[in-house]
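Remarks on the structure that follows.
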Amino acid sequence: MVTTAAPGERLRDRLEQAVGARNVRGDPGALVTYATDATPLQRGEPDLVVFPASTEEVAAVLRLADEARVPVIPRGSGTNLSAGTVPLSGGIVLVLTRMNRLLEISDADLVAVCEPGVRTIELAEAAAAKGLLFPPDPGSHTTATLGGNVAECSGGLRALKYGITRDYVLGVQAVLPTGEVIRSGGRLVKDVAGYDLRRLLCGSEGTLAVMTELTLRLVPAPESSGTGMAYFTDLREAARAVSRVLASGVLPVTLEFLDQVCIGAVEDYACIGLDTDAGALLIFGQDGDAHTIERDMERIAQACEAEGATELRIAGSSAEAAELLEARRAVLPSLSRLEPLTILEDATVPRSRIADMVEHIQAVARRRGLRIGTFGHAGDGNLHPTVVLDPADQEAVQGALEAFDEIFAKAIELDGSITGEHGVGIVKLPQLERQLGADHVALLRRIKAAFDPHGILNPGKLGS
Ligand SMILES: Cc1cc2nc3c(=O)[nH]c(=O)nc-3n(C[C@H](O)[C@H](O)[C@H](O)COP(=O)(O)OP(=O)(O)OC[C@H]3O[C@@H](n4cnc5c(N)ncnc54)[C@H](O)[C@@H]3O)c2cc1C
């Protein structure tokens with residue numbers, strides 16, 4: 001199915017006619033810039049980079065590329081961590097950041113309508129100004145686009161209580177690889193006319209269609225929020241505390257986990273007074289009215305104490321809350337400064353298996369002599385084992401890749417998933433069949449072929 005045709009001069013002329021000459025780039029600067037995304041160790045140079053400004057322009061580009069059998073790789077801000085926008089077989093990188101209009105925020109219908117290039121934070125801020133909340137908040141929210149969020153079905157710190165991006169997608173307008181424009185869903189809360197294609201496009205990683213307009217659900221903003229943290233001597237206690245919190249009838253907005261490697265790295269970087277002797281740290285939060293927050297924070301604290309928390313802190317002010325959350329936000333930059341290369345991975349297990357998973361990761365790290373810190377969304381069972389190393393040490397790089405292979409195998413063995421939020425992309429494609437089975441993968445390929453008969457859209461990724 002993968003096409004390898006390169007765009008010729010005639011195609012370039014026609015693309016320039018469709019989107020304007022200045023929005024078609026083939027200069028070395030552009031080709032190098034769009035050869036990579038936020039995923040380490042993966043690159044592939046495109047032949048052209050095209051910046052459309054409307055649905056009609058996207059449709060024109062796709063029709064031309066389909067006719068010429070040239071690959072097209074949709075791209076937002078390129079922050080994905082699975083090499084989803086790396087042009088494996090060249091072709092056109094289709095950058096959607098010029099389509100960045102926030103078209104409407106309706107407090108009557110509780111929806112936002114926007115183009116895919118709007119950044120997540122722009123929508124969140126515009127919604128907040130109207131007393132509304134757009135809950136999905138990936139760590140990359142200042143840079144990532146909503147189109148990228150939907151295509152990856154991103155999660156964030158609030159997923160435990162509010163769900164993930166998929167739960168906020170009411171409607172999608174998309175251009176098929178052959179150039180037809182479809183709409184699925186809209187501003188309706190209830191709509192069961194036809195297959196639920198908007199759901200299928202959510203998490204489709206740019207392999208089925210290019211989304212050009214999104215209708216997203218908003219909710220009333222909570223009055224206020226509370227934040228706290230609890231230290232544990234070992235991670236089994238922390239994991240038991242997570243289960244006890246969830247069994248206590250409280251659904252926290254945030255329930256995040258850091259292991260000892262991460263605690264040490266954050267303290268070394270941010271100097272915020274963390275206890276580096278602790279074996280694990282939980283950061284928790286709740287939002288709602290003042291009464292709910294007080295009651296739930298108390299219950300969470302009790303659950304942590306019952307499982308042996310050695311120290312508890314509840315923020316008394318928003319400045320203190322921001323400081324506690326800083327411990328979580330600082331994990332990635334803190335780990336990244338330890339070595340030149342950081343590989344951040346993503347796996348999910350049932351919440352009751354978190355301790356088994358983290359112990360397995362630690363055992364793999366010890367056996368292979370790797371430095372792996374694990375942090376993540378404990379409330380969702382979604383962990384981010386992160387290895388830091390020197391890329392010049394090829395043996396260590398190979399060891400890290402093999403370590404992740406072992407970690408993903410363990411996640412599957414524990415009834416988990418090879419990815420909770422970062423997607424399959426290029427990086428996890430070899431693992432996909434291990435999790436889903438051959439029949440399931442064959443069905444994905446048939447779905448891909450129905451959308452994209454000539455295999456031009458993001459080839460070498462999902463559905464390949
Ligand atoms: C520091 C950091 C923190 C992060 N934190 C989180 C986190 O907390 N949670 C999380 O889930 N992820 C996180 N990520 C991963 C990443 O930010 C998300 O996957 C994000 O949604 C990608 O958005 P983007 O605009 O950068 O998309 P891109 O990386 O440009 O593209 C991602 C995928 O979407 C496709 N695509 C993009 N736009 C469209 C479109 N309009 N139509 C069809 N397909 C399209 C692309 O082909 C690609 O497959 C993080 C990344 C970094 C670097």
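Chains: A, B, ... in order of the structure tokens. Residues: from 1 per chain. Ligands: from 1, in order shown.
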
Determine, counting only C-alpha atoms, which protein, DNA and RNA residues have an atom within 10 Å of an atom of Val19 of chain A; residues of the same chain fewer than 6 positions away are not included. Present the result as a compact mmCIF listing (two decimals) with all heavy atoms, in the first residue's frame.
```txt
# COMPACT_ATOMS: atom_id res chain seq x y z
N VAL A 50 3.90 21.94 2.83
CA VAL A 50 2.79 22.76 2.32
C VAL A 50 1.95 23.27 3.49
O VAL A 50 1.66 22.51 4.42
CB VAL A 50 1.93 21.92 1.34
CG1 VAL A 50 0.71 22.70 0.87
CG2 VAL A 50 2.78 21.50 0.14
N PHE A 51 1.58 24.55 3.43
CA PHE A 51 0.85 25.20 4.52
C PHE A 51 -0.52 25.69 4.01
O PHE A 51 -0.64 26.83 3.57
CB PHE A 51 1.65 26.40 5.04
CG PHE A 51 3.03 26.06 5.54
CD1 PHE A 51 4.11 25.95 4.66
CD2 PHE A 51 3.27 25.87 6.89
CE1 PHE A 51 5.38 25.65 5.11
CE2 PHE A 51 4.54 25.57 7.36
CZ PHE A 51 5.60 25.45 6.47
N PRO A 52 -1.55 24.85 4.04
CA PRO A 52 -2.87 25.29 3.55
C PRO A 52 -3.54 26.22 4.56
O PRO A 52 -3.20 26.22 5.74
CB PRO A 52 -3.64 23.98 3.44
CG PRO A 52 -3.05 23.12 4.52
CD PRO A 52 -1.60 23.50 4.61
N ALA A 53 -4.55 26.99 4.07
CA ALA A 53 -5.23 27.94 4.95
C ALA A 53 -6.72 27.65 5.06
O ALA A 53 -7.42 28.35 5.79
CB ALA A 53 -5.01 29.37 4.44
N SER A 54 -7.23 26.66 4.34
CA SER A 54 -8.68 26.40 4.39
C SER A 54 -8.96 24.94 4.04
O SER A 54 -8.08 24.23 3.51
CB SER A 54 -9.40 27.29 3.36
OG SER A 54 -9.00 26.88 2.06
N GLU A 56 -10.83 23.97 1.68
CA GLU A 56 -10.75 23.82 0.22
C GLU A 56 -9.30 23.60 -0.21
O GLU A 56 -9.03 22.78 -1.10
CB GLU A 56 -11.30 25.08 -0.48
CG GLU A 56 -12.79 25.33 -0.29
CD GLU A 56 -13.17 25.72 1.14
OE1 GLU A 56 -12.34 26.37 1.82
OE2 GLU A 56 -14.28 25.36 1.59
N GLU A 57 -8.39 24.32 0.41
CA GLU A 57 -6.98 24.14 0.04
C GLU A 57 -6.47 22.76 0.45
O GLU A 57 -5.73 22.12 -0.30
CB GLU A 57 -6.12 25.24 0.69
CG GLU A 57 -6.37 26.61 0.05
CD GLU A 57 -5.42 27.69 0.52
OE1 GLU A 57 -4.48 27.40 1.29
OE2 GLU A 57 -5.64 28.85 0.11
N VAL A 58 -6.89 22.28 1.63
CA VAL A 58 -6.50 20.92 2.03
C VAL A 58 -7.03 19.91 1.02
O VAL A 58 -6.30 19.00 0.58
CB VAL A 58 -7.04 20.60 3.46
CG1 VAL A 58 -6.83 19.11 3.79
CG2 VAL A 58 -6.37 21.48 4.51
N ALA A 60 -7.75 20.38 -2.10
CA ALA A 60 -7.03 20.48 -3.39
C ALA A 60 -5.67 19.77 -3.29
O ALA A 60 -5.28 19.01 -4.20
CB ALA A 60 -6.83 21.96 -3.75
N VAL A 61 -4.96 19.96 -2.17
CA VAL A 61 -3.65 19.32 -2.00
C VAL A 61 -3.81 17.79 -2.01
O VAL A 61 -3.06 17.07 -2.68
CB VAL A 61 -2.98 19.77 -0.67
CG1 VAL A 61 -1.71 18.96 -0.40
CG2 VAL A 61 -2.66 21.27 -0.71
```

Q: Select from segment 260-320 of chain A everything DSSP, run on the backbone, classes as strand (DSSP E), then give the selection as number ranges by chain.
A: A: 280-288, 311-314

Which residues, written as an mmCIF file with N, CA and C atoms, in the first residue's frame, have at least one atom at most 10 Å from segment 33-36 of chain A, with only C-alpha atoms counted and residues fewer than 2 positions away on the same chain left out?
```cif
data_model
loop_
_atom_site.group_PDB
_atom_site.id
_atom_site.type_symbol
_atom_site.label_atom_id
_atom_site.label_comp_id
_atom_site.auth_asym_id
_atom_site.auth_seq_id
_atom_site.Cartn_x
_atom_site.Cartn_y
_atom_site.Cartn_z
ATOM 1 N N PRO A 28 16.095 23.797 1.814
ATOM 2 C CA PRO A 28 16.710 22.886 2.799
ATOM 3 C C PRO A 28 16.280 23.205 4.229
ATOM 4 N N GLY A 29 16.091 24.488 4.572
ATOM 5 C CA GLY A 29 15.681 24.850 5.937
ATOM 6 C C GLY A 29 14.363 24.194 6.314
ATOM 7 N N ALA A 30 13.394 24.274 5.384
ATOM 8 C CA ALA A 30 12.080 23.687 5.664
ATOM 9 C C ALA A 30 12.174 22.160 5.717
ATOM 10 N N LEU A 31 12.936 21.586 4.790
ATOM 11 C CA LEU A 31 12.992 20.112 4.735
ATOM 12 C C LEU A 31 13.636 19.540 5.988
ATOM 13 N N ALA A 38 8.959 15.626 17.966
ATOM 14 C CA ALA A 38 9.540 15.585 19.314
ATOM 15 C C ALA A 38 10.077 14.203 19.692
ATOM 16 N N THR A 39 9.975 13.239 18.786
ATOM 17 C CA THR A 39 10.422 11.873 19.082
ATOM 18 C C THR A 39 11.907 11.729 18.818
ATOM 19 N N PRO A 40 12.692 11.274 19.795
ATOM 20 C CA PRO A 40 14.114 11.114 19.527
ATOM 21 C C PRO A 40 14.396 9.943 18.584
ATOM 22 N N LEU A 41 15.521 9.991 17.919
ATOM 23 C CA LEU A 41 16.066 8.891 17.104
ATOM 24 C C LEU A 41 15.294 8.607 15.816
ATOM 25 N N GLN A 42 14.334 9.454 15.442
ATOM 26 C CA GLN A 42 13.540 9.181 14.233
ATOM 27 C C GLN A 42 13.605 10.387 13.315
ATOM 28 N N ARG A 43 13.909 10.160 12.036
ATOM 29 C CA ARG A 43 13.843 11.250 11.074
ATOM 30 C C ARG A 43 13.610 10.700 9.673
ATOM 31 N N GLY A 44 13.129 11.569 8.784
ATOM 32 C CA GLY A 44 12.891 11.182 7.400
ATOM 33 C C GLY A 44 12.548 12.458 6.654
ATOM 34 N N GLU A 45 13.367 12.833 5.683
ATOM 35 C CA GLU A 45 13.173 14.153 5.063
ATOM 36 C C GLU A 45 12.002 14.169 4.075
ATOM 37 N N PRO A 46 11.135 15.202 4.144
ATOM 38 C CA PRO A 46 10.064 15.316 3.141
ATOM 39 C C PRO A 46 10.630 15.879 1.835
ATOM 40 N N ASP A 47 9.805 15.859 0.772
ATOM 41 C CA ASP A 47 10.197 16.513 -0.485
ATOM 42 C C ASP A 47 9.686 17.939 -0.512
ATOM 43 N N LEU A 48 8.491 18.151 0.079
ATOM 44 C CA LEU A 48 7.889 19.491 0.112
ATOM 45 C C LEU A 48 7.159 19.684 1.430
ATOM 46 N N VAL A 49 7.037 20.945 1.838
ATOM 47 C CA VAL A 49 6.229 21.266 3.012
ATOM 48 C C VAL A 49 5.172 22.266 2.546
ATOM 49 N N ARG A 75 0.323 17.482 9.878
ATOM 50 C CA ARG A 75 1.141 17.870 11.035
ATOM 51 C C ARG A 75 0.562 19.108 11.701
ATOM 52 N N GLY A 78 3.942 19.235 15.836
ATOM 53 C CA GLY A 78 5.052 18.271 15.841
ATOM 54 C C GLY A 78 5.549 17.911 17.233
ATOM 55 N N THR A 79 4.678 17.965 18.247
ATOM 56 C CA THR A 79 5.122 17.623 19.608
ATOM 57 C C THR A 79 4.876 16.158 19.960
ATOM 58 N N ALA A 83 6.746 9.655 16.734
ATOM 59 C CA ALA A 83 7.217 9.865 15.349
ATOM 60 C C ALA A 83 6.074 9.863 14.352
ATOM 61 N N GLY A 84 4.880 10.278 14.818
ATOM 62 C CA GLY A 84 3.692 10.275 13.958
ATOM 63 C C GLY A 84 3.765 11.233 12.795
ATOM 64 N N THR A 85 4.637 12.239 12.841
ATOM 65 C CA THR A 85 4.715 13.177 11.715
ATOM 66 C C THR A 85 6.039 13.056 10.953
ATOM 67 N N VAL A 86 6.812 12.027 11.264
ATOM 68 C CA VAL A 86 8.068 11.840 10.519
ATOM 69 C C VAL A 86 7.727 11.258 9.146
ATOM 70 N N PRO A 87 8.167 11.946 8.057
ATOM 71 C CA PRO A 87 7.840 11.449 6.703
ATOM 72 C C PRO A 87 8.749 10.294 6.316
ATOM 73 N N LEU A 88 8.311 9.107 6.638
ATOM 74 C CA LEU A 88 9.126 7.909 6.441
ATOM 75 C C LEU A 88 9.550 7.706 4.999
ATOM 76 N N GLY A 90 9.284 10.153 2.492
ATOM 77 C CA GLY A 90 9.274 11.450 1.801
ATOM 78 C C GLY A 90 7.861 11.944 1.576
ATOM 79 N N ILE A 92 4.864 14.962 1.037
ATOM 80 C CA ILE A 92 4.464 16.314 1.442
ATOM 81 C C ILE A 92 4.122 16.329 2.923
ATOM 82 N N VAL A 93 4.789 17.169 3.712
ATOM 83 C CA VAL A 93 4.316 17.405 5.078
ATOM 84 C C VAL A 93 3.297 18.543 4.992
ATOM 85 N N LEU A 94 2.079 18.258 5.466
ATOM 86 C CA LEU A 94 0.965 19.214 5.367
ATOM 87 C C LEU A 94 0.792 19.858 6.749
ATOM 88 N N VAL A 95 1.292 21.077 6.892
ATOM 89 C CA VAL A 95 1.318 21.724 8.208
ATOM 90 C C VAL A 95 0.040 22.556 8.371
#
```

Q) Tell me, which residues of segment 32-141 of chain A carry DSSP helix (DSSP H, G or I), written as a PyMOL selection string? A) chain A and resi 32-33+55-68+120-129

Q) ligand 1: which residues are within 6 Å, counting only C-alpha atoms and all ligand atoms, as number ranges by chain? A) A: 38, 73-81, 84-85, 116, 138-140, 144-145, 147-149, 151-152, 154-156, 205-206, 209-212, 421-422

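If you look at atom CA of Ala193 of chain A and atom CA of Thr120 of chain A, they are 28.8 Å away from each other.
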
Q) Any idea what the distance is between atom CA of Ala221 of chain A and atom CA of Lys130 of chain A? A) 8.9 Å

Q: Go ahead and compute the interatomic distance for atom CA of Val72 of chain A and atom CA of Phe404 of chain A, in Å to one decimal.
A: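 Distance between the two atoms: 29.5 Å.
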
**Q.** Polymer residues at most 12 Å from Asp275 of chain A, only C-alpha atoms, same-chain spacing of 2 or more positions, as a list in words
**A.** Met229, Ala230, Tyr231, Phe232, Thr233, Leu258, Asp259, Gln260, Val261, Cys262, Ile263, Gly264, Ala265, Val266, Glu267, Asp268, Cys271, Ile272, Gly273, Asp277, Ala278, Gly279, Ala280, Leu281, Thr310, Glu311, Leu312 and Ala327 of chain A

Would you mind exporting N, CA, C and O atoms of the selected residues as a compact mmCIF listing (two decimals), in the first residue's frame?
```txt
# COMPACT_ATOMS: atom_id res chain seq x y z
N MET A 229 0.26 16.77 48.53
CA MET A 229 1.22 15.72 48.17
C MET A 229 1.47 14.80 49.36
O MET A 229 1.29 15.20 50.51
N ALA A 230 1.85 13.56 49.06
CA ALA A 230 2.14 12.59 50.12
C ALA A 230 3.37 11.79 49.72
O ALA A 230 3.49 11.35 48.57
N TYR A 231 4.30 11.65 50.69
CA TYR A 231 5.50 10.82 50.47
C TYR A 231 5.28 9.42 51.02
O TYR A 231 4.60 9.25 52.03
N PHE A 232 5.93 8.45 50.39
CA PHE A 232 5.88 7.06 50.86
C PHE A 232 7.30 6.50 50.84
O PHE A 232 8.13 6.93 50.01
N THR A 233 7.54 5.51 51.73
CA THR A 233 8.89 4.94 51.72
C THR A 233 9.09 4.01 50.52
O THR A 233 10.20 3.88 50.03
N LEU A 258 5.46 10.02 41.21
CA LEU A 258 6.88 10.16 40.86
C LEU A 258 7.66 9.10 41.62
O LEU A 258 7.43 8.92 42.83
N ASP A 259 8.58 8.40 40.95
CA ASP A 259 9.43 7.46 41.70
C ASP A 259 10.67 8.19 42.23
O ASP A 259 10.84 9.40 42.03
N GLN A 260 11.54 7.43 42.90
CA GLN A 260 12.66 8.08 43.58
C GLN A 260 13.62 8.77 42.61
O GLN A 260 14.12 9.86 42.90
N VAL A 261 13.85 8.16 41.45
CA VAL A 261 14.75 8.78 40.46
C VAL A 261 14.19 10.16 40.07
O VAL A 261 14.92 11.15 39.99
N CYS A 262 12.87 10.22 39.85
CA CYS A 262 12.24 11.49 39.43
C CYS A 262 12.27 12.52 40.56
O CYS A 262 12.55 13.70 40.32
N ILE A 263 12.02 12.07 41.80
CA ILE A 263 12.04 13.01 42.93
C ILE A 263 13.43 13.65 43.01
O ILE A 263 13.57 14.88 43.13
N GLY A 264 14.46 12.81 42.92
CA GLY A 264 15.84 13.31 43.02
C GLY A 264 16.15 14.29 41.89
O GLY A 264 16.75 15.36 42.11
N ALA A 265 15.74 13.94 40.67
CA ALA A 265 16.05 14.79 39.51
C ALA A 265 15.33 16.14 39.65
O ALA A 265 15.92 17.20 39.37
N VAL A 266 14.06 16.12 40.08
CA VAL A 266 13.30 17.37 40.20
C VAL A 266 13.93 18.26 41.28
O VAL A 266 14.12 19.47 41.08
N GLU A 267 14.30 17.67 42.40
CA GLU A 267 14.87 18.48 43.49
C GLU A 267 16.20 19.09 43.05
O GLU A 267 16.49 20.27 43.32
N ASP A 268 16.98 18.29 42.35
CA ASP A 268 18.27 18.78 41.87
C ASP A 268 18.10 19.98 40.94
O ASP A 268 18.90 20.91 40.93
N CYS A 271 14.95 22.71 43.11
CA CYS A 271 15.25 23.09 44.50
C CYS A 271 13.98 23.57 45.22
O CYS A 271 13.90 24.73 45.67
N ILE A 272 12.97 22.68 45.31
CA ILE A 272 11.71 23.09 45.96
C ILE A 272 11.52 22.35 47.28
O ILE A 272 10.42 22.29 47.82
N GLY A 273 12.59 21.75 47.79
CA GLY A 273 12.53 21.15 49.12
C GLY A 273 11.89 19.78 49.15
O GLY A 273 11.31 19.39 50.18
N ASP A 277 14.87 11.27 49.96
CA ASP A 277 15.00 9.91 50.51
C ASP A 277 13.72 9.10 50.31
O ASP A 277 13.72 7.88 50.48
N ALA A 278 12.63 9.79 49.99
CA ALA A 278 11.34 9.09 49.85
C ALA A 278 11.39 8.13 48.66
O ALA A 278 12.06 8.39 47.66
N GLY A 279 10.66 7.02 48.78
CA GLY A 279 10.64 6.04 47.70
C GLY A 279 9.66 6.42 46.60
O GLY A 279 9.81 6.03 45.45
N ALA A 280 8.63 7.18 46.95
CA ALA A 280 7.61 7.58 45.96
C ALA A 280 6.85 8.80 46.46
O ALA A 280 6.77 9.04 47.67
N LEU A 281 6.33 9.54 45.51
CA LEU A 281 5.57 10.75 45.84
C LEU A 281 4.26 10.73 45.05
O LEU A 281 4.27 10.46 43.85
N THR A 310 4.50 8.96 54.80
CA THR A 310 5.43 9.43 55.84
C THR A 310 5.27 10.93 56.07
O THR A 310 5.65 11.44 57.11
N GLU A 311 4.74 11.62 55.07
CA GLU A 311 4.55 13.07 55.23
C GLU A 311 3.44 13.51 54.28
O GLU A 311 3.35 13.02 53.15
N LEU A 312 2.60 14.43 54.73
CA LEU A 312 1.51 14.94 53.91
C LEU A 312 1.57 16.45 53.89
O LEU A 312 1.84 17.07 54.92
N ALA A 327 6.36 20.34 41.01
CA ALA A 327 7.14 19.10 41.16
C ALA A 327 6.80 18.13 40.03
O ALA A 327 7.68 17.43 39.52
```

Q. Which of these residues is nearest to Ser317 of chain A, using only C-alpha atoms: A:Asn100, A:Thr227, A:Thr386, A:Gln435?
A. A:Thr227

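Ranking A:Gly226, A:Pro350, A:Gly373, A:Pro340 by their shortest atom-to-atom distance to Leu324 of chain A, with only C-alpha atoms included, puts A:Gly226 first.
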